Amino acid sequence: MVRWLGFAVGVALLLATASSVIKTLLIPRASRSAFGSALGWLVRGFFRKVTTRVEDLRQRERILAASGPTWLISLLVTWLASLYVGFALLLWPLKQGGFPAALEESGSSIFTLGFVRPSGPAPSAIVFLAAASGLALVAMLIAYLPVLYAAFNRREIQVTTLEALAGAPAWGPELLSRQALIGDVAYLPKVYERWTEWAADIAESHTNYRALLFFRSPDPQASWLLSLLAVLDAAALHLAVNPSSAPAEARPLIRVGYLTMRKIARAVGIVVNEDPHPDDPLVLTRQEFDDALEHMREAGWQFERDADDAWPHFHGWRVNYETAAYALACFLDLPPAIWSGDRPQHRSPPQRPARPPHREPGDPDEADPSHSAGRARGERAVRRSGQPGGRS
């Protein structure tokens, strides 16, 4: 009676394993499995505990970079262990020698990718299924990894490109400011268009392959989520302060961007408001908004609206994605960045991205203070004239 009860438990365990494998590796949609969700919670909790008091950003990101591969390896080990125990439970009532002999038979079939045919049709069929399951699992995982890393590569190309445009960690007002500094505001429509397509790619890949959420960017200050948030903020600011001259590409970007963030938030179990009101409260304060406008003004940005008129419009745009963005940033424990929500209290406060220094051919030595002062006057002249002046 106990052996046949074990047989029933084995059938349930194998069905649960098959469901997890199919949902994770085969179904091209956001499907959650019990194994994947439980392991994701355990792995994330373990790495959060390990890094809870690590203050150095580079060291913390180096540790967290292992969370994605750890989750994948843990999932593979769990699947193999479930197959091993599940098929042993199926063999238990059909084989002489008890459960240890059934474990040996199951293990030799799964882990050696072959089997010795036992006596009897039922044990032979079970051993054959065990060997086929182990082989199929390895084959599917081999096919899964190239797809995963191809999506990671597509993601990081755009993140690296944005670092040159908006700094690291990326910040929306800095993206606009740098284009104003070099007199290249006309380039922004191309940025918005590319990031609209990129956001759609992220929505598809990061919900179908949730392991990508835990794969960190190579640069410890960069993140795909912070980059998307920065571009959305830049588009929202552009529409708020320059309603007549803002490019048409900004609106589709915001629409696709906030739908992407909500979709990914739902995939990891974060509840967000699907239809926020434009007057719903923001975490971002009016003072932070005013400071950002002053930052843009110093860079030479030309405004059509003043801060009082622009704030309600920016508020109405940002309310669509702020909650999901902040929740995901906390969930993934991303590097500190302004306009991206709070981090643990012991972490260093976020800083504005450092802007590359002004350089021109024939510049004198940086060590001479008079030269630095002259260069500063030249930069102010560039801002007044609106000319590029050699700034990179």
# chains A, B, ... in the order shown; residues from 1 in each chain; ligands from 1
>>> residues_around(residues="A:Asn153", least_positions_apart="6", cutoff="12 Å", atoms="only C-alpha atoms", output="count of residues only")
14
>>> residues_around(residues="A:Pro353", least_positions_apart="6", cutoff="6 Å", atoms="only C-alpha atoms", output="ChimeraX atom specification")
/A:167-169
>>> write_last_selection(atoms="N, CA, C and O atoms", output="short mmCIF file (atom, residue, chain, number, x, y, z; two decimals), in the first residue's frame")
data_model
loop_
_atom_site.label_atom_id
_atom_site.label_comp_id
_atom_site.auth_asym_id
_atom_site.auth_seq_id
_atom_site.Cartn_x
_atom_site.Cartn_y
_atom_site.Cartn_z
N GLY A 167 24.57 59.63 -19.46
CA GLY A 167 25.38 59.34 -18.29
C GLY A 167 25.03 58.02 -17.66
O GLY A 167 24.15 57.28 -18.12
N ALA A 168 25.71 57.70 -16.56
CA ALA A 168 25.47 56.46 -15.81
C ALA A 168 25.53 56.79 -14.32
O ALA A 168 26.53 57.32 -13.85
N PRO A 169 24.45 56.46 -13.57
CA PRO A 169 23.19 55.94 -14.09
C PRO A 169 22.44 56.99 -14.90
O PRO A 169 22.54 58.18 -14.62
#
>>> closest_residue(among="A:Leu57, A:Ala292, A:Leu259, A:Leu25", to="A:Ala222", atoms="only C-alpha atoms")
A:Leu57
>>> select_by_dssp(residues="stretch 45-289 of chain A", states="alpha helix (DSSP H)", output="PyMOL selection string")
chain A and resi 45-50+57-64+67-91+98-111+121-166+172-181+188-208+224-241+250-267+286-289
